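A.B. asks: Pasting a structure here, questions to come.
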Amino acid sequence: MSFYSVLFEHPDTEATRAPQQPPFFTDLRLDQIVETMTTGRADYDLTPFLYQPLHDVAAVHYRQDILRDLEHDSTREAIAAFSRQMRQMRQHLAQAEQLHHRYQQERWFVDAVSLYGEAVSTLATDMEHADIASQGLRALHAHLNAYSQSSEFVTLVNETRQVLDALGQVRYAVHIQGSRVTVSQYEDEPDYSAAVEETFARFKQGAVKDHRVKFPNWPEMNHVEAQVLDFVARLYPEVFSMLDDFCARHRDFVQQDIARFDREVQLYLAYLEYIHPLRAAGLAICYPEVSTHSKEIYANDMYDLALAAKLVRENVPVICNEFALHDPERICVVTGPNQGGKTTFARTVGQLHYLASLGLPVPGRSARLYLPDQLFTHFEREEDPGALRGKLEDELLRIHDILEQATSASIIIMNESFASTTLHDALLLGANVLRQISELDALCVYVTFVDELASLNNTTVSMVSTVQPDNPAVRTFKIVRQPANGLAYAAAIAEKYGLTYAALRRRIAP
Amino acid sequence: MKTFLLYGDQDFDLKQAVPANEAELTQDLDLATLVATMAQGDPFLRDVARSVVLHSLTDPAAIVYRQQVLTDSLEHPEVVRQMYDLAVATLQGERKIWGVFGKSPDALLHRSVQVLELLVSSLRRLRQIADEHASTFQSPGFSRFFAMLAHELDDDYFQTIDNHLRELKFPRGVLLSAQLGEGNKGTRYVLHLAHEQTWMDRLPWSRGSGYSFQIADRDEAGFTALAELRGRGINLVANALAQSTDHILSFFTTLRTELAFYIGCLNLHAQLTQKEAPVCVPVPVAFGERAFTAEGLYDVCLSLHLDTTVVGNDVDADDKSLVVVTGANQGGKSTFLRSVGLAQMMMQCGLFVGARSFRATICEGVFTHFKREEDATMTSGKLDEELNRMSEIAEHIRPGAILLCNESFASTNDREGSEIARQVVRAMVESGITVIFVTHLFDFAESWYRQRSPTALFLRAEREPDGRRTFRLSVGEPLPTSFGADAYERIFGTAPDTVPQAAESS
């Protein structure tokens with residue numbers, strides 16, 4: 001059974017050139033998610049994987065299946081432990097390179113080999129007991145079994161143990177008198193500190209302060225330590241020649257497939273780590289159904305993954321939303337009061353689709369999502385004072401570019417486009433853009449302050465951000481499917497401040 | 001080695017948290033005066049006195065244990081002061097030994113040896129005092145303490161310490177052993193006693209002598225490295241010795257702390273004796289029996305402020321869970337309330353009590369709810385403030401406690417105040433709390449009196465027919481008028497007009 005990769009079912013699906021960060025990353029706050037996921041994992045270089053969405057349903061299933069296996073605590077913990085040891089092994093090797101004394105280099109090297117042997121053997125054993133259903137991890141398991149039983153590996157492990165045992169048994173005495181140092185065999189002598197401690201034990205009064213001086217523990221040795229070590233080597237010549245011999249014979253001990261697995265599996269571990277606190281806070285994560293043909297998409301209890309991570313950290317409740325499109329619906333038009341969660345809603349729909357196309361589970365209770373060929377976002381930007389063109393013109397140019405590239409298989413997220421222009425213009429431009437998207441048959445979320453756009457044609461669905469009925473100043477951050485009606489909010493807020501018609505009449509009356 | 005002069009089985013923790021109602025207790029019972037008299041200007045004596053007074057004992061045997069140590073102290077004040085002074089001098093002496101600058105086990109060890117030499121001489125002196133006076137002390141506390149000194153600090157032991165102090169100067173060099181740790185660097189350094197070397201050991205070909213090298217005279221880095229290696233070897237023994245000095249210092253600190261309380265008692269006793277104010281050793285009664293009987297009970301703190309003798313009260317409140325005190329203003333009601341609280345707290349810390357005799361059940365804490373003059377913060381009305389404090393008390397009070405109320409709920413009218421008081425007092429009493437309530441709330445006092453409860457006692461501040469106060473309380477039913485009119489008349493020179501009912505609630 002050949003084992004290739006836990007990320008790609010077929011070798012040819014992996015991009016040959018390192019992909020760039022997609023342009024919509026910042027708008028959808030995917031950059032924040034990636035930043036958090038890759039923190040502390042820089043040496044694995046995970047971003048190329050995160051910049052490369054999948055366009056094939058089978059490829060998505062390959063990853064979803066592996067992730068489902070990794071949802072088992074014991075399986076995930078076994079692999080995480082493996083990774084920790086592999087990382088420690090690399091640190092040991094790097095340390096060996098930096099040192100100058102031969103016996104120091106060699107000791108770090110042996111310890112590295114020891115960690116590697118333990119990492120591989122432990123993982124092979126742990127996988128034996130793990131409940132594995134995915135094709136990817138089954139292949140890995142088979143590979144591990146074959147490798148860990150190979151004579152190459154078994155010999156490596158045995159020899160490592162012999163060398164370390166021999167070194168562990170070395171014990172020596174150092175006598176310092178004035179400037180003279182004598183290194184000799186250790187003869188069983190009593191511990192004098194213990195004798196002193198015992199003498200004063202009768203005064204013991206409970207907790208004590210630790211007066212031990214902390215000596216800096218540099219990996220390097222000074223020349224006195226080096227001289228002592230050389231003499232120790234002379235006291236134990238057979239131990240140290242065994243050490244020399246071992247290092248000479250095992251230069252490249254890490255197997256390539258093992259190294260590759262160690263890197264790739266980090267993508268999964270990083271994501272599971274990211275969503276762990278969210279799940280602990282009661283938020284749902286689900287494996288979405290994905291499709292490249294049906295555009296009847298929906299999501300229940302979905303939320304912004306980047307925002308939720310922040311809110312959960314701060315112990316603030318996360319508001320979930322839902323949406324569903326039924327043929328021929330393609331476009332969600334979101335209206336309603338500002339700061340009511342409209343942008344978050346749009347961003348969330350974008351996030352869900354992108355995360356699904358990476359083969360990852362998505363923030364929501366259940367979802368059916370579309371695997372787009374491309375994803376576009378158009379979010380309002382700060383005006384660039386140095387730009388020659390005006391803001392409206394700039395927006396139109398960007399939208400034009402998007403419509404040029406987009407196909408019927410694309411997803412377009414537009415947030416507060418034309419917000420800087422007049423209502424009349426915003427209605428006019430918005431209606432035109434929406435009509436083009438509608439003709440293109442692409443999926444779209446369109447956030448706007450123009451109510452009229454919500455009922456443009458039968459491909460549009462109106463969704464509205466809502467406020468608490470009895471206190472319109474309080475947003476619920478709920479986006480619900482209902483006809484756009486900005487006046488309801490205006491009337492409520494007027495009532496609260498006593499500015500309705502009737503209230504103003506009474507107040508102004510003499 | 002434990003001193004155990006405050007408890008028979010544990011150390012006294014000077015740093016333990018004070019009770020939640022410490023501020024109220026201190027203010028209402030004037031504990032500051034008590035503590036200041038015990039301290040006589042010494043801040044350490046004050047801290048100890050305050051802490052011991054505030055941390056009431058709840059076991060009669062533990063109280064008796066302290067009473068006995070106190071009795072010994074009153075009989076041999078000079079010996080107790082001698083030991084206290086020795087502890088103080090030892091602790092001061094240690095502080096004069098230069099601290100360690102820069103971190104090295106060598107410096108730490110050097111200082112520890114010096115400190116230990118000082119401590120050993122103090123221990124010898126302490127042992128001497130024990131030898132001289134042990135036979136004249138009667139209390140279990142002191143007897144145990146002196147016996148322990150004789151047993152633990154025998155001559156052999158001092159000899160062992162002397163030997164260590166000699167070895168720790170390493171006359172034959174430092175011998176250590178180690179193993180190979182991370183990166184083959186030395187680890188698990190253990191110190192051993194270097195042997196006496198024979199002439200044969202010094203021969204270069206001698207068996208087991210190993211390999212030697214010498215640090216060149218001008219190799220400064222080499223000497224630094226060697227010092228570090230030596231430091232690793234003696235690190236543990238330096239730590240062990242420093243910890244041992246810490247322990248012995250802590251023994252002297254405990255001795256000083258525990259004796260400080262008795263020094264405070266000696267000081268207080270001297271002051272009261274000078275005023276010819278009587279004190280007695282109180283009889284603590286365990287939970288279960290409800291006892292409270294006193295003869296000549298007076299407010300110790302008030303007597304410390306006055307030149308004249310304070311009037312004491314005789315009280316027989318055995319089996320009572322509620323004492324309601326009514327009567328004339330400035331008739332000694334508040335003073336009586338304070339004398340009860342003070343006596344209870346003094347008894348429960350092992351002190352003598354300001355009375356000719358005193359016998360009372362141990363309580364689970366004294367709580368005070370005294371009328372406050374003004375709400376300084378102006379954030380809440382007076383009744384709000386009062387109720388808030390009562391709510392705070394309810395947060396902490398437990399069955400078996402004593403609650404002393406002084407004019408509680410007087411910031412509203414009689415009817416409202418009485419109703420609140422009735423509900424609060426009934427709840428407290430039925431929860432097993434003893435309540436002593438000084439009040440002008442006639443409705444409250446009278447309604448309780450009418451119940452003829454066998455566990456309620458009603459006391460009244462007396463006044464002579466001519467209006468003069470006796471400052472004595474006697475058993476008597478609540479009277480509908482209080483005597484504020486007298487005070488008014490005395491001060492204004494004219495009797496007050498009758499107050500219409502409606503104005504009361506303002």
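Going through the structure tokens in order, the chains are called A, B, and so on, while each chain numbers its residues from 1 and the ligands are numbered from 1 in the order shown.
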So which residues touch His223 (chain A) within 9 Å, counting only C-alpha atoms, skipping near sequence neighbours fewer than 2 positions away, as a PDB file with N, CA and C atoms, in the first residue's frame?
C.D. replies:
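Result saved to out_27.pdb:
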ATOM      1  N   MET A 221      29.762  24.241  26.997  1.00  0.00           N
ATOM      2  CA  MET A 221      30.551  24.021  28.210  1.00  0.00           C
ATOM      3  C   MET A 221      31.690  25.023  28.228  1.00  0.00           C
ATOM      4  N   GLU A 225      34.782  22.606  32.267  1.00  0.00           N
ATOM      5  CA  GLU A 225      33.840  21.490  32.088  1.00  0.00           C
ATOM      6  C   GLU A 225      34.312  20.571  30.958  1.00  0.00           C
ATOM      7  N   ALA A 226      34.826  21.192  29.878  1.00  0.00           N
ATOM      8  CA  ALA A 226      35.295  20.409  28.735  1.00  0.00           C
ATOM      9  C   ALA A 226      36.443  19.496  29.154  1.00  0.00           C
ATOM     10  N   GLN A 227      37.356  20.067  29.963  1.00  0.00           N
ATOM     11  CA  GLN A 227      38.494  19.283  30.438  1.00  0.00           C
ATOM     12  C   GLN A 227      38.019  18.121  31.319  1.00  0.00           C
ATOM     13  N   VAL A 228      37.041  18.415  32.174  1.00  0.00           N
ATOM     14  CA  VAL A 228      36.495  17.360  33.032  1.00  0.00           C
ATOM     15  C   VAL A 228      35.888  16.264  32.161  1.00  0.00           C
TER      16      VAL A 228
ATOM     17  N   ALA B 221      39.216  33.256  33.402  1.00  0.00           N
ATOM     18  CA  ALA B 221      37.993  32.545  32.996  1.00  0.00           C
ATOM     19  C   ALA B 221      37.978  31.158  33.616  1.00  0.00           C
ATOM     20  N   GLY B 222      39.165  30.571  33.700  1.00  0.00           N
ATOM     21  CA  GLY B 222      39.278  29.234  34.281  1.00  0.00           C
ATOM     22  C   GLY B 222      38.878  29.239  35.750  1.00  0.00           C
ATOM     23  N   ALA B 225      35.182  29.582  36.004  1.00  0.00           N
ATOM     24  CA  ALA B 225      34.531  28.304  35.673  1.00  0.00           C
ATOM     25  C   ALA B 225      34.678  27.325  36.834  1.00  0.00           C
TER      26      ALA B 225
END
A.B. asks: For chain A against chain B, with a cut-off of 6 Å and counting only C-alpha atoms, what is the closest atom pair and its distance in Å to one decimal for every residue that makes the cut, ordered by chain and number, as JSON lines?
C.D. replies:
{"residue": "A:Gln104", "atom": "CA", "partner": "B:Gly183", "partner_atom": "CA", "distance": 4.7}
{"residue": "A:Arg107", "atom": "CA", "partner": "B:Gly183", "partner_atom": "CA", "distance": 5.1}
{"residue": "A:Trp108", "atom": "CA", "partner": "B:Gly183", "partner_atom": "CA", "distance": 5.3}
{"residue": "A:Arg171", "atom": "CA", "partner": "B:Gln179", "partner_atom": "CA", "distance": 4.7}
{"residue": "A:Tyr172", "atom": "CA", "partner": "B:Ser177", "partner_atom": "CA", "distance": 5.5}
{"residue": "A:Ala173", "atom": "CA", "partner": "B:Ser177", "partner_atom": "CA", "distance": 4.1}
{"residue": "A:Val174", "atom": "CA", "partner": "B:Leu176", "partner_atom": "CA", "distance": 5.3}
{"residue": "A:His175", "atom": "CA", "partner": "B:Leu175", "partner_atom": "CA", "distance": 4.4}
{"residue": "A:Ile176", "atom": "CA", "partner": "B:Val174", "partner_atom": "CA", "distance": 5.2}
{"residue": "A:Gln177", "atom": "CA", "partner": "B:Gly173", "partner_atom": "CA", "distance": 4.4}
{"residue": "A:Ser179", "atom": "CA", "partner": "B:Ile215", "partner_atom": "CA", "distance": 5.3}
{"residue": "A:Arg180", "atom": "CA", "partner": "B:Gln214", "partner_atom": "CA", "distance": 4.5}
{"residue": "A:Val181", "atom": "CA", "partner": "B:Phe213", "partner_atom": "CA", "distance": 5.5}
{"residue": "A:Thr182", "atom": "CA", "partner": "B:Ser212", "partner_atom": "CA", "distance": 4.2}
{"residue": "A:Val183", "atom": "CA", "partner": "B:Tyr211", "partner_atom": "CA", "distance": 5.3}
{"residue": "A:Ser184", "atom": "CA", "partner": "B:Gly210", "partner_atom": "CA", "distance": 4.1}
{"residue": "A:Asp191", "atom": "CA", "partner": "B:His192", "partner_atom": "CA", "distance": 5.5}
{"residue": "A:Tyr192", "atom": "CA", "partner": "B:His192", "partner_atom": "CA", "distance": 5.1}
{"residue": "A:Ser193", "atom": "CA", "partner": "B:Val237", "partner_atom": "CA", "distance": 4.4}
{"residue": "A:Glu197", "atom": "CA", "partner": "B:Ala240", "partner_atom": "CA", "distance": 5.5}
{"residue": "A:Phe200", "atom": "CA", "partner": "B:Ser244", "partner_atom": "CA", "distance": 5.7}
{"residue": "A:Arg202", "atom": "CA", "partner": "B:Met1", "partner_atom": "CA", "distance": 5.5}
{"residue": "A:Phe203", "atom": "CA", "partner": "B:Met1", "partner_atom": "CA", "distance": 5.0}
{"residue": "A:Lys204", "atom": "CA", "partner": "B:His247", "partner_atom": "CA", "distance": 5.5}
{"residue": "A:Gln205", "atom": "CA", "partner": "B:His247", "partner_atom": "CA", "distance": 5.9}
{"residue": "A:His211", "atom": "CA", "partner": "B:Asn239", "partner_atom": "CA", "distance": 4.9}
{"residue": "A:Arg212", "atom": "CA", "partner": "B:Asn239", "partner_atom": "CA", "distance": 5.2}
A.B. asks: Mind checking DSSP for region 114-189 of chain B and telling me the strand (DSSP E or B) residues as an MDAnalysis selection string?
C.D. replies: chainID B and resid 174:180 186:189
A.B. asks: I'd like to know which of A:Ala442, A:Val170, A:Ala59, A:Leu427 is closest to His10 (chain A), using only C-alpha atoms.
C.D. replies: A:Ala59
A.B. asks: DSSP says helix (DSSP H, G or I) for which residues of region 32-266 of chain A? Put them as an NGL selection string?
C.D. replies: :A and (32-38 or 42-44 or 47-50 or 57-70 or 73-98 or 102-129 or 135-149 or 151-168 or 192-199 or 201-203 or 223-235 or 237-249 or 256-266)
A.B. asks: Pick out the residues sitting within 9 Å of Ile433 (chain B), and hand them over as a list in words; count only C-alpha atoms, and ignore anything fewer than 6 positions along from it in its own chain.
C.D. replies: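 Using only C-alpha atoms, the neighbours found are Ser321, Leu322, Cys363, Glu364, Ile397, Arg398, Pro399, Gly400, Ala401, Ile402, Leu403 and Ala427 of chain B.
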A.B. asks: Once you have the residues from the selection above, write them out as a PDB file, in the first residue's frame, restricted to N, CA and C atoms.
C.D. replies:
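File produced: part.pdb:
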ATOM      1  N   SER B 321     -31.271  34.146  75.787  1.00  0.00           N
ATOM      2  CA  SER B 321     -30.768  34.322  74.429  1.00  0.00           C
ATOM      3  C   SER B 321     -31.012  35.751  73.949  1.00  0.00           C
ATOM      4  N   LEU B 322     -31.789  36.513  74.724  1.00  0.00           N
ATOM      5  CA  LEU B 322     -32.014  37.906  74.344  1.00  0.00           C
ATOM      6  C   LEU B 322     -31.973  38.768  75.591  1.00  0.00           C
ATOM      7  N   CYS B 363     -18.477  32.033  72.610  1.00  0.00           N
ATOM      8  CA  CYS B 363     -19.326  32.370  71.467  1.00  0.00           C
ATOM      9  C   CYS B 363     -18.557  32.213  70.162  1.00  0.00           C
ATOM     10  N   GLU B 364     -19.326  32.040  69.106  1.00  0.00           N
ATOM     11  CA  GLU B 364     -18.744  31.917  67.753  1.00  0.00           C
ATOM     12  C   GLU B 364     -18.606  33.300  67.147  1.00  0.00           C
ATOM     13  N   ILE B 397     -22.421  36.147  60.195  1.00  0.00           N
ATOM     14  CA  ILE B 397     -22.744  35.651  61.535  1.00  0.00           C
ATOM     15  C   ILE B 397     -23.210  34.198  61.461  1.00  0.00           C
ATOM     16  N   ARG B 398     -22.919  33.434  62.490  1.00  0.00           N
ATOM     17  CA  ARG B 398     -23.285  32.015  62.534  1.00  0.00           C
ATOM     18  C   ARG B 398     -23.929  31.709  63.879  1.00  0.00           C
ATOM     19  N   PRO B 399     -24.658  30.578  63.979  1.00  0.00           N
ATOM     20  CA  PRO B 399     -25.219  30.183  65.270  1.00  0.00           C
ATOM     21  C   PRO B 399     -24.123  30.137  66.325  1.00  0.00           C
ATOM     22  N   GLY B 400     -24.467  30.547  67.540  1.00  0.00           N
ATOM     23  CA  GLY B 400     -23.472  30.532  68.605  1.00  0.00           C
ATOM     24  C   GLY B 400     -22.767  31.862  68.758  1.00  0.00           C
ATOM     25  N   ALA B 401     -23.055  32.799  67.886  1.00  0.00           N
ATOM     26  CA  ALA B 401     -22.410  34.106  67.971  1.00  0.00           C
ATOM     27  C   ALA B 401     -23.174  35.001  68.937  1.00  0.00           C
ATOM     28  N   ILE B 402     -22.531  36.119  69.270  1.00  0.00           N
ATOM     29  CA  ILE B 402     -23.210  37.139  70.072  1.00  0.00           C
ATOM     30  C   ILE B 402     -23.357  38.373  69.202  1.00  0.00           C
ATOM     31  N   LEU B 403     -24.574  38.940  69.190  1.00  0.00           N
ATOM     32  CA  LEU B 403     -24.808  40.157  68.434  1.00  0.00           C
ATOM     33  C   LEU B 403     -25.137  41.273  69.408  1.00  0.00           C
ATOM     34  N   ALA B 427     -35.305  36.381  64.027  1.00  0.00           N
ATOM     35  CA  ALA B 427     -34.532  35.509  63.135  1.00  0.00           C
ATOM     36  C   ALA B 427     -33.197  35.133  63.763  1.00  0.00           C
TER      37      ALA B 427
END
A.B. asks: Considering only C-alpha atoms, return as a PDB file with N, CA and C atoms, in the first residue's frame whatever protein or nucleic-acid residues lie within 9 Å of Tyr262 (chain B), sequence-local ones (same chain, fewer than 6 positions apart) excluded.
C.D. replies:
ATOM      1  N   ALA B  49      -0.843  41.760  69.837  1.00  0.00           N
ATOM      2  CA  ALA B  49      -2.000  41.882  70.729  1.00  0.00           C
ATOM      3  C   ALA B  49      -3.280  41.973  69.898  1.00  0.00           C
ATOM      4  N   VAL B  69      -0.641  29.729  81.143  1.00  0.00           N
ATOM      5  CA  VAL B  69       0.633  30.339  80.751  1.00  0.00           C
ATOM      6  C   VAL B  69       0.678  31.777  81.252  1.00  0.00           C
ATOM      7  N   LEU B  70      -0.490  32.474  81.167  1.00  0.00           N
ATOM      8  CA  LEU B  70      -0.555  33.865  81.626  1.00  0.00           C
ATOM      9  C   LEU B  70      -0.314  33.952  83.135  1.00  0.00           C
ATOM     10  N   SER B  73       3.239  33.696  83.766  1.00  0.00           N
ATOM     11  CA  SER B  73       3.908  34.923  83.349  1.00  0.00           C
ATOM     12  C   SER B  73       3.735  36.013  84.401  1.00  0.00           C
ATOM     13  N   LEU B  74       2.517  36.099  84.986  1.00  0.00           N
ATOM     14  CA  LEU B  74       2.282  37.118  86.000  1.00  0.00           C
ATOM     15  C   LEU B  74       3.108  36.837  87.250  1.00  0.00           C
ATOM     16  N   VAL B  80      10.049  35.828  81.813  1.00  0.00           N
ATOM     17  CA  VAL B  80       9.364  35.926  80.527  1.00  0.00           C
ATOM     18  C   VAL B  80       9.962  37.075  79.718  1.00  0.00           C
TER      19      VAL B  80
END
A.B. asks: Please compute the CA of Val154 (chain A)-CA of Gln255 (chain A) distance, one decimal, in Å.
C.D. replies: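 Answer for the CA of Val154 (chain A) to CA of Gln255 (chain A) separation: 13.5 Å.
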A.B. asks: Find the spatial neighbours of Leu302 (chain B), counting only C-alpha atoms, within a cut-off of 12 Å - ignore same-chain residues fewer than 6 positions away - and output them as a list in words.
C.D. replies: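 Residues meeting the cut-off are Leu29, Asp30, Leu31, Ala32, Thr33, Leu34, Leu272, Lys275, Ala277, Thr308, Thr309, Val310, Val311, Gly312, Gly332, Ser334, Thr335, Phe336, Arg338, Ser339, Leu342 and Gly354 of chain B.
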A.B. asks: May I have the selected residues written with N, CA and C atoms, as a CSV table (one decimal), in the first residue's frame?
C.D. replies:
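And here's out-v6.csv as it stands now:
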chain,number,residue,atom,x,y,z
B,29,LEU,N,-16.0,48.5,70.2
B,29,LEU,CA,-15.6,48.0,71.5
B,29,LEU,C,-14.3,48.8,71.9
B,30,ASP,N,-13.9,49.7,71.1
B,30,ASP,CA,-12.7,50.5,71.4
B,30,ASP,C,-11.5,49.6,71.7
B,31,LEU,N,-11.3,48.6,70.8
B,31,LEU,CA,-10.2,47.7,70.9
B,31,LEU,C,-8.9,48.4,70.8
B,32,ALA,N,-8.8,49.5,70.1
B,32,ALA,CA,-7.6,50.2,69.9
B,32,ALA,C,-6.9,50.6,71.3
B,33,THR,N,-7.8,51.0,72.2
B,33,THR,CA,-7.3,51.4,73.5
B,33,THR,C,-6.7,50.2,74.3
B,34,LEU,N,-7.4,49.0,74.2
B,34,LEU,CA,-7.0,47.8,74.8
B,34,LEU,C,-5.6,47.4,74.3
B,272,LEU,N,-3.9,48.3,84.9
B,272,LEU,CA,-5.2,48.1,85.6
B,272,LEU,C,-5.0,48.0,87.1
B,275,LYS,N,-4.7,51.3,88.6
B,275,LYS,CA,-6.0,52.0,88.8
B,275,LYS,C,-6.8,51.3,89.8
B,277,ALA,N,-8.3,48.7,89.4
B,277,ALA,CA,-9.4,48.0,88.8
B,277,ALA,C,-9.3,46.5,88.9
B,308,THR,N,-11.1,58.1,87.5
B,308,THR,CA,-12.0,57.5,88.6
B,308,THR,C,-12.3,56.1,88.3
B,309,THR,N,-12.8,55.4,89.3
B,309,THR,CA,-13.2,54.0,89.2
B,309,THR,C,-14.5,53.9,88.5
B,310,VAL,N,-14.5,52.9,87.6
B,310,VAL,CA,-15.7,52.7,86.8
B,310,VAL,C,-16.7,51.9,87.5
B,311,VAL,N,-18.0,52.2,87.3
B,311,VAL,CA,-19.1,51.4,88.0
B,311,VAL,C,-19.2,50.1,87.2
B,312,GLY,N,-19.2,49.0,88.0
B,312,GLY,CA,-19.4,47.7,87.3
B,312,GLY,C,-20.9,47.2,87.5
B,332,GLY,N,-25.5,54.5,81.1
B,332,GLY,CA,-24.5,53.4,81.1
B,332,GLY,C,-24.9,52.2,80.2
B,334,SER,N,-24.7,51.9,76.8
B,334,SER,CA,-23.6,51.6,75.8
B,334,SER,C,-22.4,51.0,76.5
B,335,THR,N,-22.1,51.6,77.6
B,335,THR,CA,-20.9,51.1,78.3
B,335,THR,C,-21.1,49.7,78.7
B,336,PHE,N,-22.3,49.4,79.2
B,336,PHE,CA,-22.6,48.0,79.5
B,336,PHE,C,-22.4,47.0,78.3
B,338,ARG,N,-20.6,47.5,75.7
B,338,ARG,CA,-19.2,47.4,75.4
B,338,ARG,C,-18.5,46.4,76.4
B,339,SER,N,-18.9,46.5,77.7
B,339,SER,CA,-18.2,45.7,78.7
B,339,SER,C,-18.5,44.2,78.4
B,342,LEU,N,-16.3,43.3,75.3
B,342,LEU,CA,-14.9,43.2,75.6
B,342,LEU,C,-14.6,42.0,76.4
B,354,GLY,N,-12.2,42.3,82.9
B,354,GLY,CA,-12.5,43.4,83.8
B,354,GLY,C,-13.8,43.1,84.6
A.B. asks: Quick one: everything within 7 Å of region 370-380 of chain A, counting only C-alpha atoms, minus sequence neighbours fewer than 2 positions away in the same chain. Send it as an MDAnalysis selection string.
C.D. replies: chainID A and resid 24 27 55 290:292 295 297 353 357 382 402 409:417
A.B. asks: Given the selection you just returned, output its residues as a file containing C-alpha atoms, formatted as a CSV table (one decimal), in the first residue's frame.
C.D. replies:
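What landed in again32.csv:
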chain,number,residue,atom,x,y,z
A,24,PHE,CA,-10.5,38.3,-0.3
A,27,ASP,CA,-12.3,41.1,3.9
A,55,HIS,CA,-12.6,22.4,-6.4
A,290,VAL,CA,-20.5,20.2,-0.6
A,291,SER,CA,-21.6,20.3,-4.2
A,292,THR,CA,-20.3,21.7,-7.5
A,295,LYS,CA,-26.9,26.1,-5.6
A,297,ILE,CA,-27.3,26.2,-0.2
A,353,HIS,CA,-17.7,28.5,1.7
A,357,SER,CA,-13.4,24.3,0.1
A,382,GLU,CA,-11.1,53.7,3.1
A,402,ILE,CA,-15.1,41.1,-10.5
A,409,ALA,CA,-19.8,28.9,-10.6
A,410,SER,CA,-18.5,31.9,-8.5
A,411,ILE,CA,-19.5,33.4,-5.2
A,412,ILE,CA,-19.6,37.2,-4.8
A,413,ILE,CA,-19.8,38.9,-1.4
A,414,MET,CA,-20.6,42.7,-1.7
A,415,ASN,CA,-20.7,44.8,1.5
A,416,GLU,CA,-22.1,48.3,1.5
A,417,SER,CA,-21.2,49.0,-2.1
A.B. asks: With distances taken over only C-alpha atoms, which residue among B:Ala294, B:Leu404, B:Leu479, B:Ala456 lies nearest Thr326 (chain B)?
C.D. replies: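 Under the stated criterion, the closest residue is B:Leu479.
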A.B. asks: Between CA of Ala142 (chain A) and CA of Arg249 (chain A), measure the distance and give it in Å to one decimal.
C.D. replies: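 Going from CA of Ala142 (chain A) over to CA of Arg249 (chain A), I get 27.5 Å.
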A.B. asks: Quote the spacing between CA of Pro43 (chain B) and CA of Phe142 (chain B) in Å to one decimal place.
C.D. replies: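 Straight-line distance from CA of Pro43 (chain B) to CA of Phe142 (chain B) works out to 25.3 Å.
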A.B. asks: So which residues touch region 259-269 of chain A within 10 Å, counting only C-alpha atoms, skipping near sequence neighbours fewer than 2 positions away, as an MDAnalysis selection string?
C.D. replies: chainID A and resid 3:8 37:38 41 43:47 49:50 63:64 66:67 70:71 76:77 79:80 82:84 86:87 140 254:257 271:274 359:360
A.B. asks: May I have the selected residues written with C-alpha atoms, as a short mmCIF file (atom, residue, chain, number, x, y, z; two decimals), in the first residue's frame?
C.D. replies:
data_model
loop_
_atom_site.label_atom_id
_atom_site.label_comp_id
_atom_site.auth_asym_id
_atom_site.auth_seq_id
_atom_site.Cartn_x
_atom_site.Cartn_y
_atom_site.Cartn_z
CA PHE A 3 1.22 6.28 1.18
CA TYR A 4 1.43 9.75 -0.26
CA SER A 5 -0.15 12.57 1.67
CA VAL A 6 -2.81 13.27 4.26
CA LEU A 7 -3.80 16.44 2.41
CA PHE A 8 -3.96 15.30 -1.21
CA MET A 37 -3.78 28.81 13.37
CA THR A 38 -0.17 29.17 12.29
CA ARG A 41 3.71 26.49 13.79
CA ASP A 43 8.38 25.95 10.88
CA TYR A 44 5.68 23.82 9.23
CA ASP A 45 4.99 26.46 6.57
CA LEU A 46 1.25 25.78 6.47
CA THR A 47 0.06 28.86 4.57
CA PHE A 49 -2.08 24.74 2.05
CA LEU A 50 -4.41 27.40 3.42
CA ARG A 63 -9.84 15.66 4.07
CA GLN A 64 -13.20 15.61 5.87
CA ILE A 66 -9.34 12.31 7.96
CA LEU A 67 -10.60 15.13 10.16
CA LEU A 70 -8.87 13.13 14.18
CA GLU A 71 -11.95 14.23 16.13
CA ARG A 76 -5.57 13.27 17.73
CA GLU A 77 -3.63 13.21 20.99
CA ILE A 79 -0.55 12.39 16.59
CA ALA A 80 -0.05 15.58 18.57
CA PHE A 82 4.18 12.44 17.83
CA SER A 83 4.51 15.98 16.50
CA ARG A 84 5.83 17.30 19.79
CA MET A 86 9.44 15.32 16.20
CA ARG A 87 9.75 19.01 16.93
CA LEU A 140 -0.46 6.12 6.95
CA VAL A 254 14.59 10.55 9.35
CA GLN A 255 12.44 8.87 6.72
CA GLN A 256 10.95 11.27 4.13
CA ASP A 257 7.30 10.12 4.33
CA TYR A 271 -7.73 23.94 12.87
CA LEU A 272 -9.05 21.56 15.52
CA GLU A 273 -7.12 23.52 18.10
CA TYR A 274 -8.65 26.73 16.78
CA GLY A 359 -11.97 20.45 3.37
CA LEU A 360 -12.46 21.78 6.89
#
